[in-house]
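Engineer: Contents of query-v3.cif (mmCIF, C-alpha atoms):
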data_work
loop_
_atom_site.group_PDB
_atom_site.id
_atom_site.type_symbol
_atom_site.label_atom_id
_atom_site.label_comp_id
_atom_site.auth_asym_id
_atom_site.auth_seq_id
_atom_site.Cartn_x
_atom_site.Cartn_y
_atom_site.Cartn_z
ATOM 1 C CA MET A 98 66.516 54.820 -24.864
ATOM 2 C CA THR A 99 62.948 53.959 -25.738
ATOM 3 C CA ARG A 100 61.399 51.309 -23.554
ATOM 4 C CA THR A 101 59.406 48.713 -25.463
ATOM 5 C CA ALA A 102 56.161 47.739 -23.805
ATOM 6 C CA THR A 103 55.682 44.034 -23.269
ATOM 7 C CA VAL A 104 52.392 42.879 -24.731
ATOM 8 C CA PRO A 105 50.933 39.830 -22.962
ATOM 9 C CA VAL A 106 50.180 36.876 -25.183
ATOM 10 C CA PRO A 107 46.455 36.007 -25.042
ATOM 11 C CA ALA A 108 45.600 32.417 -24.227
ATOM 12 C CA SER A 109 43.583 32.201 -27.445
ATOM 13 C CA SER A 110 46.807 32.559 -29.473
ATOM 14 C CA VAL A 111 48.505 29.586 -27.822
ATOM 15 C CA PRO A 112 48.197 26.496 -30.067
ATOM 16 C CA ALA A 113 45.860 23.805 -28.751
ATOM 17 C CA PRO A 114 48.589 21.098 -28.800
ATOM 18 C CA VAL A 115 50.772 23.294 -26.547
ATOM 19 C CA LEU A 116 47.900 23.730 -24.095
ATOM 20 C CA PHE A 117 47.297 20.012 -24.137
ATOM 21 C CA GLY A 118 50.990 19.373 -23.519
ATOM 22 C CA VAL A 119 50.855 21.553 -20.402
ATOM 23 C CA SER A 120 47.815 19.620 -19.198
ATOM 24 C CA ALA A 121 49.499 16.284 -19.889
ATOM 25 C CA VAL A 122 52.649 17.176 -17.920
ATOM 26 C CA PHE A 123 50.840 18.461 -14.834
ATOM 27 C CA HIS A 124 48.429 15.524 -14.987
ATOM 28 C CA TYR A 125 51.290 13.439 -13.546
ATOM 29 C CA VAL A 126 53.166 16.067 -11.532
ATOM 30 C CA GLY A 127 50.166 16.268 -9.176
ATOM 31 C CA PRO A 128 50.042 12.546 -8.346
ATOM 32 C CA ALA A 129 53.748 12.691 -7.467
ATOM 33 C CA LEU A 130 52.860 15.098 -4.650
ATOM 34 C CA ALA A 131 49.799 13.058 -3.685
ATOM 35 C CA VAL A 132 51.942 9.955 -3.147
ATOM 36 C CA LEU A 133 53.843 11.821 -0.428
ATOM 37 C CA LEU A 134 50.575 12.546 1.378
ATOM 38 C CA PHE A 135 49.309 8.949 1.251
ATOM 39 C CA ALA A 136 51.757 8.103 4.040
ATOM 40 C CA HIS A 137 50.090 10.629 6.377
ATOM 41 C CA LEU A 138 46.449 10.973 5.315
ATOM 42 C CA ASP A 139 43.628 8.725 4.185
ATOM 43 C CA VAL A 140 43.076 8.459 0.432
ATOM 44 C CA LEU A 141 39.755 10.339 0.520
ATOM 45 C CA GLY A 142 41.401 13.025 2.640
ATOM 46 C CA VAL A 143 44.048 13.598 -0.032
ATOM 47 C CA ALA A 144 41.321 13.668 -2.703
ATOM 48 C CA TRP A 145 39.404 16.284 -0.697
ATOM 49 C CA LEU A 146 42.505 18.457 -0.304
ATOM 50 C CA ARG A 147 43.010 18.291 -4.057
ATOM 51 C CA ILE A 148 39.405 19.254 -4.836
ATOM 52 C CA ALA A 149 39.047 21.898 -2.122
ATOM 53 C CA GLY A 150 42.450 23.411 -2.878
ATOM 54 C CA ALA A 151 41.570 23.710 -6.570
ATOM 55 C CA ALA A 152 38.177 25.215 -5.710
ATOM 56 C CA VAL A 153 39.754 27.894 -3.507
ATOM 57 C CA VAL A 154 42.362 28.823 -6.133
ATOM 58 C CA LEU A 155 39.815 29.009 -8.966
ATOM 59 C CA ALA A 156 37.282 30.915 -6.839
ATOM 60 C CA LEU A 157 39.827 33.563 -5.819
ATOM 61 C CA TRP A 158 41.073 33.854 -9.386
ATOM 62 C CA ARG A 159 37.827 33.821 -11.382
ATOM 63 C CA ARG A 160 35.302 35.023 -8.753
ATOM 64 C CA PRO A 161 32.426 32.909 -10.129
ATOM 65 C CA TRP A 162 29.844 34.868 -8.130
ATOM 66 C CA ARG A 163 30.119 37.735 -10.639
ATOM 67 C CA THR A 164 27.050 38.478 -12.780
ATOM 68 C CA ARG A 165 29.122 38.033 -15.946
ATOM 69 C CA VAL A 166 29.628 34.373 -15.156
ATOM 70 C CA ARG A 167 25.890 33.674 -14.826
ATOM 71 C CA PRO A 168 25.247 30.569 -16.968
ATOM 72 C CA ALA A 169 22.425 30.434 -19.490
ATOM 73 C CA ARG A 170 19.239 28.484 -18.845
ATOM 74 C CA GLY A 171 19.973 24.767 -18.652
ATOM 75 C CA GLN A 172 23.714 25.246 -18.082
ATOM 76 C CA TRP A 173 23.412 25.079 -14.301
ATOM 77 C CA ARG A 174 22.482 21.435 -14.631
ATOM 78 C CA ASP A 175 25.556 20.743 -16.755
ATOM 79 C CA LEU A 176 27.863 22.618 -14.371
ATOM 80 C CA ALA A 177 26.400 20.859 -11.337
ATOM 81 C CA GLY A 178 26.852 17.556 -13.177
ATOM 82 C CA LEU A 179 30.449 18.465 -14.022
ATOM 83 C CA GLY A 180 31.085 19.289 -10.363
ATOM 84 C CA LEU A 181 29.647 15.959 -9.273
ATOM 85 C CA VAL A 182 31.788 14.154 -11.864
ATOM 86 C CA LEU A 183 34.956 15.978 -10.762
ATOM 87 C CA ALA A 184 34.340 15.092 -7.113
ATOM 88 C CA ALA A 185 33.638 11.426 -7.840
ATOM 89 C CA MET A 186 36.356 11.020 -10.498
ATOM 90 C CA ASN A 187 39.160 12.452 -8.366
ATOM 91 C CA SER A 188 38.090 10.326 -5.399
ATOM 92 C CA VAL A 189 37.793 6.975 -7.178
ATOM 93 C CA PHE A 190 41.048 7.639 -9.064
ATOM 94 C CA TYR A 191 42.972 7.816 -5.787
ATOM 95 C CA LEU A 192 41.039 4.844 -4.386
ATOM 96 C CA ALA A 193 42.066 2.821 -7.458
ATOM 97 C CA VAL A 194 45.713 3.949 -7.389
ATOM 98 C CA ALA A 195 45.915 2.969 -3.709
ATOM 99 C CA ARG A 196 45.108 -0.647 -4.707
ATOM 100 C CA LEU A 197 46.497 -1.084 -8.243
ATOM 101 C CA PRO A 198 49.614 -0.055 -10.170
ATOM 102 C CA LEU A 199 49.258 3.383 -11.780
ATOM 103 C CA SER A 200 49.917 1.879 -15.224
ATOM 104 C CA THR A 201 46.971 -0.492 -14.813
ATOM 105 C CA VAL A 202 44.628 2.293 -13.702
ATOM 106 C CA ALA A 203 45.819 4.476 -16.598
ATOM 107 C CA ALA A 204 45.208 1.716 -19.126
ATOM 108 C CA ILE A 205 41.648 1.163 -17.900
ATOM 109 C CA GLU A 206 41.060 4.926 -17.747
ATOM 110 C CA PHE A 207 41.614 5.281 -21.487
ATOM 111 C CA LEU A 208 39.159 2.561 -22.535
ATOM 112 C CA GLY A 209 36.231 4.988 -22.498
ATOM 113 C CA VAL A 210 38.249 7.830 -24.019
ATOM 114 C CA ILE A 211 39.287 5.611 -26.908
ATOM 115 C CA GLY A 212 35.586 4.927 -27.476
ATOM 116 C CA LEU A 213 34.959 8.673 -27.789
ATOM 117 C CA ALA A 214 37.782 8.984 -30.275
ATOM 118 C CA ALA A 215 36.421 6.032 -32.250
ATOM 119 C CA ALA A 216 32.998 7.684 -32.433
ATOM 120 C CA GLY A 217 34.574 10.613 -34.244
ATOM 121 C CA ALA A 218 36.749 8.562 -36.617
ATOM 122 C CA ARG A 219 34.847 9.202 -39.858
ATOM 123 C CA THR A 220 37.721 8.823 -42.333
ATOM 124 C CA VAL A 221 40.264 6.125 -43.162
ATOM 125 C CA ARG A 222 43.044 8.453 -42.040
ATOM 126 C CA ASN A 223 41.473 8.971 -38.624
ATOM 127 C CA VAL A 224 40.777 5.261 -38.188
ATOM 128 C CA LEU A 225 44.474 4.648 -38.864
ATOM 129 C CA ALA A 226 45.358 7.367 -36.339
ATOM 130 C CA LEU A 227 43.132 5.728 -33.742
ATOM 131 C CA CYS A 228 44.679 2.288 -34.343
ATOM 132 C CA LEU A 229 48.191 3.696 -33.947
ATOM 133 C CA ALA A 230 47.267 5.494 -30.727
ATOM 134 C CA VAL A 231 45.514 2.442 -29.261
ATOM 135 C CA GLY A 232 48.516 0.274 -30.115
ATOM 136 C CA GLY A 233 50.813 2.748 -28.401
ATOM 137 C CA VAL A 234 48.670 2.811 -25.262
ATOM 138 C CA LEU A 235 48.604 -0.977 -25.107
ATOM 139 C CA VAL A 236 52.390 -1.140 -25.422
ATOM 140 C CA LEU A 237 52.930 1.569 -22.799
ATOM 141 C CA THR A 238 50.400 0.341 -20.252
ATOM 142 C CA ASP A 239 50.980 -3.241 -19.267
ATOM 143 C CA ILE A 240 47.584 -4.312 -17.910
ATOM 144 C CA ARG A 241 48.027 -6.952 -15.240
ATOM 145 C CA LEU A 242 44.768 -8.516 -14.095
ATOM 146 C CA THR A 243 45.536 -9.380 -10.501
ATOM 147 C CA GLY A 244 43.179 -10.397 -7.737
ATOM 148 C CA GLU A 245 41.966 -6.973 -6.574
ATOM 149 C CA PRO A 246 38.270 -6.767 -7.496
ATOM 150 C CA LEU A 247 37.580 -3.577 -5.519
ATOM 151 C CA GLY A 248 40.519 -1.809 -7.106
ATOM 152 C CA PHE A 249 39.341 -2.766 -10.593
ATOM 153 C CA GLY A 250 35.840 -1.613 -9.711
ATOM 154 C CA TYR A 251 37.208 1.823 -8.806
ATOM 155 C CA ALA A 252 39.371 1.869 -11.956
ATOM 156 C CA PHE A 253 36.449 1.117 -14.285
ATOM 157 C CA ALA A 254 34.295 3.678 -12.454
ATOM 158 C CA ASN A 255 37.081 6.217 -12.996
ATOM 159 C CA SER A 256 37.126 5.349 -16.712
ATOM 160 C CA ALA A 257 33.390 6.026 -17.061
ATOM 161 C CA LEU A 258 33.660 9.269 -15.076
ATOM 162 C CA PHE A 259 36.595 10.401 -17.223
ATOM 163 C CA VAL A 260 34.392 10.087 -20.313
ATOM 164 C CA LEU A 261 31.723 12.205 -18.616
ATOM 165 C CA TYR A 262 34.401 14.763 -17.734
ATOM 166 C CA VAL A 263 35.397 15.076 -21.394
ATOM 167 C CA VAL A 264 31.763 15.356 -22.541
ATOM 168 C CA LEU A 265 30.642 17.871 -19.899
ATOM 169 C CA GLY A 266 33.939 19.757 -19.944
ATOM 170 C CA HIS A 267 33.761 20.166 -23.718
ATOM 171 C CA ARG A 268 30.186 21.389 -23.372
ATOM 172 C CA ALA A 269 31.236 23.950 -20.754
ATOM 173 C CA ALA A 270 34.097 25.196 -22.932
ATOM 174 C CA ASN A 271 31.764 25.845 -25.869
ATOM 175 C CA ALA A 272 28.556 26.952 -24.108
ATOM 176 C CA ALA A 273 26.714 30.101 -25.155
ATOM 177 C CA PRO A 274 26.406 33.076 -22.768
ATOM 178 C CA ALA A 275 23.254 33.789 -20.806
ATOM 179 C CA PRO A 276 20.817 36.329 -22.280
ATOM 180 C CA GLY A 277 21.560 39.852 -21.115
ATOM 181 C CA VAL A 278 25.116 39.052 -19.976
ATOM 182 C CA ARG A 279 27.791 41.286 -21.470
ATOM 183 C CA GLY A 280 30.701 39.399 -22.880
ATOM 184 C CA ARG A 281 31.016 35.664 -23.122
ATOM 185 C CA PRO A 282 32.094 33.962 -19.913
ATOM 186 C CA GLY A 283 34.752 31.454 -20.833
ATOM 187 C CA GLY A 284 35.076 27.834 -19.929
ATOM 188 C CA ILE A 285 37.489 28.709 -17.118
ATOM 189 C CA ASP A 286 34.758 30.696 -15.370
ATOM 190 C CA ARG A 287 32.369 27.770 -15.704
ATOM 191 C CA LEU A 288 35.106 25.426 -14.492
ATOM 192 C CA ALA A 289 35.398 27.553 -11.339
ATOM 193 C CA VAL A 290 31.663 27.160 -10.707
ATOM 194 C CA ALA A 291 31.874 23.396 -11.273
ATOM 195 C CA MET A 292 34.909 23.031 -8.996
ATOM 196 C CA VAL A 293 33.173 24.861 -6.154
ATOM 197 C CA CYS A 294 30.249 22.445 -6.609
ATOM 198 C CA ALA A 295 32.735 19.547 -6.530
ATOM 199 C CA ALA A 296 34.193 20.774 -3.237
ATOM 200 C CA LEU A 297 30.718 20.964 -1.684
ATOM 201 C CA VAL A 298 29.929 17.424 -2.858
ATOM 202 C CA ALA A 299 33.250 15.968 -1.629
ATOM 203 C CA THR A 300 33.279 17.700 1.771
ATOM 204 C CA PRO A 301 31.021 15.288 3.744
ATOM 205 C CA ALA A 302 33.138 12.239 2.841
ATOM 206 C CA GLY A 303 36.586 13.832 2.763
ATOM 207 C CA ILE A 304 36.998 16.640 5.269
ATOM 208 C CA GLY A 305 37.089 14.284 8.255
ATOM 209 C CA GLN A 306 39.882 12.282 6.608
ATOM 210 C CA ALA A 307 41.837 15.465 5.802
ATOM 211 C CA TRP A 308 41.376 17.215 9.142
ATOM 212 C CA GLN A 309 44.852 16.276 10.416
ATOM 213 C CA ALA A 310 46.388 18.303 7.585
ATOM 214 C CA PHE A 311 45.141 21.509 9.220
ATOM 215 C CA THR A 312 47.484 20.851 12.142
ATOM 216 C CA HIS A 313 50.472 20.235 9.841
ATOM 217 C CA PRO A 314 51.207 23.244 7.577
ATOM 218 C CA VAL A 315 53.499 21.202 5.322
ATOM 219 C CA TRP A 316 50.794 18.619 4.645
ATOM 220 C CA LEU A 317 48.235 21.358 4.015
ATOM 221 C CA LEU A 318 50.580 23.167 1.637
ATOM 222 C CA ALA A 319 51.254 19.892 -0.169
ATOM 223 C CA GLY A 320 47.493 19.338 -0.502
ATOM 224 C CA VAL A 321 47.035 22.769 -2.066
ATOM 225 C CA GLY A 322 49.948 21.969 -4.370
ATOM 226 C CA VAL A 323 48.238 18.739 -5.433
ATOM 227 C CA GLY A 324 45.077 20.700 -6.252
ATOM 228 C CA LEU A 325 47.025 23.312 -8.200
ATOM 229 C CA CYS A 326 49.036 20.778 -10.198
ATOM 230 C CA SER A 327 46.326 18.139 -10.659
ATOM 231 C CA SER A 328 43.110 20.139 -11.040
ATOM 232 C CA VAL A 329 43.799 23.829 -11.705
ATOM 233 C CA ILE A 330 46.578 23.903 -14.305
ATOM 234 C CA PRO A 331 45.522 20.809 -16.338
ATOM 235 C CA TYR A 332 41.773 21.538 -16.213
ATOM 236 C CA VAL A 333 42.295 25.185 -17.233
ATOM 237 C CA ALA A 334 44.498 24.061 -20.115
ATOM 238 C CA ASP A 335 41.847 21.483 -21.038
ATOM 239 C CA GLN A 336 39.152 24.189 -21.197
ATOM 240 C CA LEU A 337 41.252 26.365 -23.476
ATOM 241 C CA ALA A 338 42.056 23.390 -25.723
ATOM 242 C CA MET A 339 38.482 22.056 -25.742
ATOM 243 C CA ALA A 340 37.234 25.411 -27.014
ATOM 244 C CA ARG A 341 39.266 24.876 -30.198
ATOM 245 C CA LEU A 342 39.181 21.099 -30.684
ATOM 246 C CA ARG A 343 36.432 18.705 -31.599
ATOM 247 C CA ARG A 344 35.538 16.344 -28.767
ATOM 248 C CA SER A 345 36.805 13.282 -30.662
ATOM 249 C CA THR A 346 40.092 15.037 -31.446
ATOM 250 C CA PHE A 347 40.600 15.973 -27.813
ATOM 251 C CA ALA A 348 39.787 12.401 -26.777
ATOM 252 C CA LEU A 349 42.399 11.036 -29.186
ATOM 253 C CA MET A 350 45.030 13.455 -27.886
ATOM 254 C CA LEU A 351 44.404 12.129 -24.376
ATOM 255 C CA THR A 352 46.106 8.909 -25.434
ATOM 256 C CA ILE A 353 49.439 10.715 -25.180
ATOM 257 C CA LEU A 354 49.140 10.801 -21.371
ATOM 258 C CA PRO A 355 50.846 7.401 -20.855
ATOM 259 C CA ALA A 356 53.743 8.677 -22.954
ATOM 260 C CA THR A 357 53.871 11.813 -20.806
ATOM 261 C CA ALA A 358 53.919 9.635 -17.695
ATOM 262 C CA THR A 359 56.987 7.848 -19.058
ATOM 263 C CA ALA A 360 58.732 11.177 -19.705
ATOM 264 C CA VAL A 361 57.870 12.510 -16.240
ATOM 265 C CA GLY A 362 59.134 9.269 -14.704
ATOM 266 C CA LEU A 363 62.452 9.713 -16.512
ATOM 267 C CA ILE A 364 62.927 13.358 -15.505
ATOM 268 C CA VAL A 365 61.508 13.351 -11.975
ATOM 269 C CA LEU A 366 62.024 9.775 -10.795
ATOM 270 C CA ALA A 367 65.016 8.793 -12.966
ATOM 271 C CA GLN A 368 63.040 5.847 -14.357
ATOM 272 C CA ARG A 369 64.606 4.981 -17.694
ATOM 273 C CA PRO A 370 62.121 3.960 -20.411
ATOM 274 C CA THR A 371 62.519 0.555 -21.982
ATOM 275 C CA VAL A 372 62.522 -0.190 -25.697
ATOM 276 C CA PRO A 373 58.777 -1.097 -25.601
ATOM 277 C CA ASP A 374 58.133 2.205 -23.812
ATOM 278 C CA LEU A 375 59.852 4.134 -26.593
ATOM 279 C CA ALA A 376 57.960 2.130 -29.209
ATOM 280 C CA GLY A 377 54.663 2.934 -27.492
ATOM 281 C CA ILE A 378 55.497 6.651 -27.368
ATOM 282 C CA ALA A 379 56.351 6.580 -31.079
ATOM 283 C CA LEU A 380 53.029 4.897 -31.946
ATOM 284 C CA VAL A 381 50.994 7.404 -29.926
ATOM 285 C CA ALA A 382 52.866 10.345 -31.449
ATOM 286 C CA ALA A 383 52.332 8.900 -34.925
ATOM 287 C CA GLY A 384 48.602 8.493 -34.275
ATOM 288 C CA ILE A 385 48.197 12.103 -33.194
ATOM 289 C CA ALA A 386 50.273 13.301 -36.149
ATOM 290 C CA VAL A 387 48.167 11.320 -38.624
ATOM 291 C CA HIS A 388 44.832 12.434 -37.147
ATOM 292 C CA GLN A 389 43.061 15.185 -39.063
ATOM 293 C CA GLN A 390 40.388 17.285 -37.403
ATOM 294 C CA ALA A 391 37.310 17.935 -39.497
ATOM 295 C CA ARG A 392 36.803 21.526 -40.517
ATOM 296 C CA PRO A 393 33.730 23.144 -39.007
ATOM 297 C CA GLN A 394 30.957 23.696 -41.517
ATOM 298 C CA ALA A 395 29.818 27.233 -42.119
ATOM 299 C CA ARG A 396 26.474 27.912 -40.549
ATOM 300 C CA THR A 397 23.720 29.483 -42.570
ATOM 301 C CA PRO A 398 22.066 32.286 -40.605
ATOM 302 C CA ARG A 399 18.429 31.642 -39.803
ATOM 303 C CA LYS A 400 15.777 34.053 -40.991
ATOM 304 C CA GLU A 401 13.515 35.366 -38.309
ATOM 305 C CA PRO A 402 9.805 34.923 -39.073
ATOM 306 C CA SER A 403 8.123 38.165 -40.021
#
Using the file provided, produce a representation of the structure as structure tokens.
Structural biologist:
Amino acid sequence: MTRTATVPVPASSVPAPVLFGVSAVFHYVGPALAVLLFAHLDVLGVAWLRIAGAAVVLALWRRPWRTRVRPARGQWRDLAGLGLVLAAMNSVFYLAVARLPLSTVAAIEFLGVIGLAAAGARTVRNVLALCLAVGGVLVLTDIRLTGEPLGFGYAFANSALFVLYVVLGHRAANAAPAPGVRGRPGGIDRLAVAMVCAALVATPAGIGQAWQAFTHPVWLLAGVGVGLCSSVIPYVADQLAMARLRRSTFALMLTILPATATAVGLIVLAQRPTVPDLAGIALVAAGIAVHQQARPQARTPRKEPS
């Protein structure tokens, strides 16, 4: 018998919507683990375990200290900024969720993202897609303005930081290599650099709150699991998708996250969706189906001066 060799499927051949679907699912699997840790550790301690755990996993996997990963001039600033955004965004997200319902935080989180999608809506078809997606998000996320000013402050800060994550993350996924570097370091390599920066930024405020986890192996393992599910798998999938999608298209696809949360709630927590939930999911799916990404224009090569 002749044995057939198994050829690995390159990540570049996986369709962008599939990558985004992976990101969307794990975006809510991670918080399910984090909720278990809230009963034992401070919120900032859980956030630090998520960031530090993701940094360790990405550093061991991608080894960002290699010469091949050396960013081009000016990219260090973007990667340091992305690291700062990741540290702050993950922290304020947990601080907001500790004070407000997750649905409320999610609804506020997408306000800025919807603005990014609107900035790229240049056709009637895409405007219609945006309206359908916004309507679906509003149906899915029941915003209840209750008396928790600090929680809303964290939620709106998270919304602004999420926009910066999309902008800087998209820039990292499509950045040019440094002069003299063989091969093109991908966005995942740059993500590893940014996540290590995020861990350094978050350590002063979070390690003291997470210290008890080092005396409880189960808590520590759960913290690493939160980082893997919340920051490694979804952010890696985001980088691969961002490399093939326009920023406005990626921002519009983010509106499917509330629908994913409903599906995860049904499967993991046995929370049955209501009729409005199903209607919201249908509107979001319709918006993404209607949206049409603009084709990239062919670039005319520049002539070097003689």
Engineer: Which residues are near Trp308 of chain A? Cut-off 9 Å, only C-alpha atoms, ignore same chain within fewer than 4 positions. Put them as JSON, numbers by chain.
Structural biologist: {"A": [138, 142, 303, 304, 312]}
Engineer: Each side padded by 6 Å, which centre and which edge lengths in Å (one decimal) define the axis-aligned box around the listed atoms of segment 250-268 of chain A? Give them as AutoDock Vina command-line options.
Structural biologist:
--center_x 34.8 --center_y 9.9 --center_z -16.3 --size_x 21.2 --size_y 35.0 --size_z 26.9
Engineer: So, counting only C-alpha atoms, which residue among A:Val263, A:Val210, A:Val236, A:Leu146 is closest to Gly127 of chain A?
Structural biologist: A:Leu146
Engineer: Using all atoms listed in the file, which of A:Val115, A:Ala291, A:Leu261, A:Ala296 sits nearest Arg344 of chain A?
Structural biologist: A:Leu261
Engineer: Which is closest to Ala338 of chain A among A:Thr371, A:Asn271, A:Gln172, A:Gln309, if we use all atoms listed in the file?
Structural biologist: A:Asn271
Engineer: Could you work out how far atom CA of Val182 of chain A lies from atom CA of Phe259 of chain A, giving the answer in Å with one decimal?
Structural biologist: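 So the two atoms, atom CA of Phe259 of chain A and atom CA of Val182 of chain A, lie 8.1 Å apart.
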Engineer: Using only C-alpha atoms, collect all residues at a distance of at most 8 Å from (45.0, 20.2, -15.9) as written in the file, then present them as a VMD selection string.
Structural biologist: chain A and resid 119 to 121 123 to 124 326 to 335
Engineer: When you count only C-alpha atoms, which of these residues is closest to Gly180 of chain A: A:Leu351, A:Leu265, A:Cys294, A:Ala144?
Structural biologist: A:Cys294
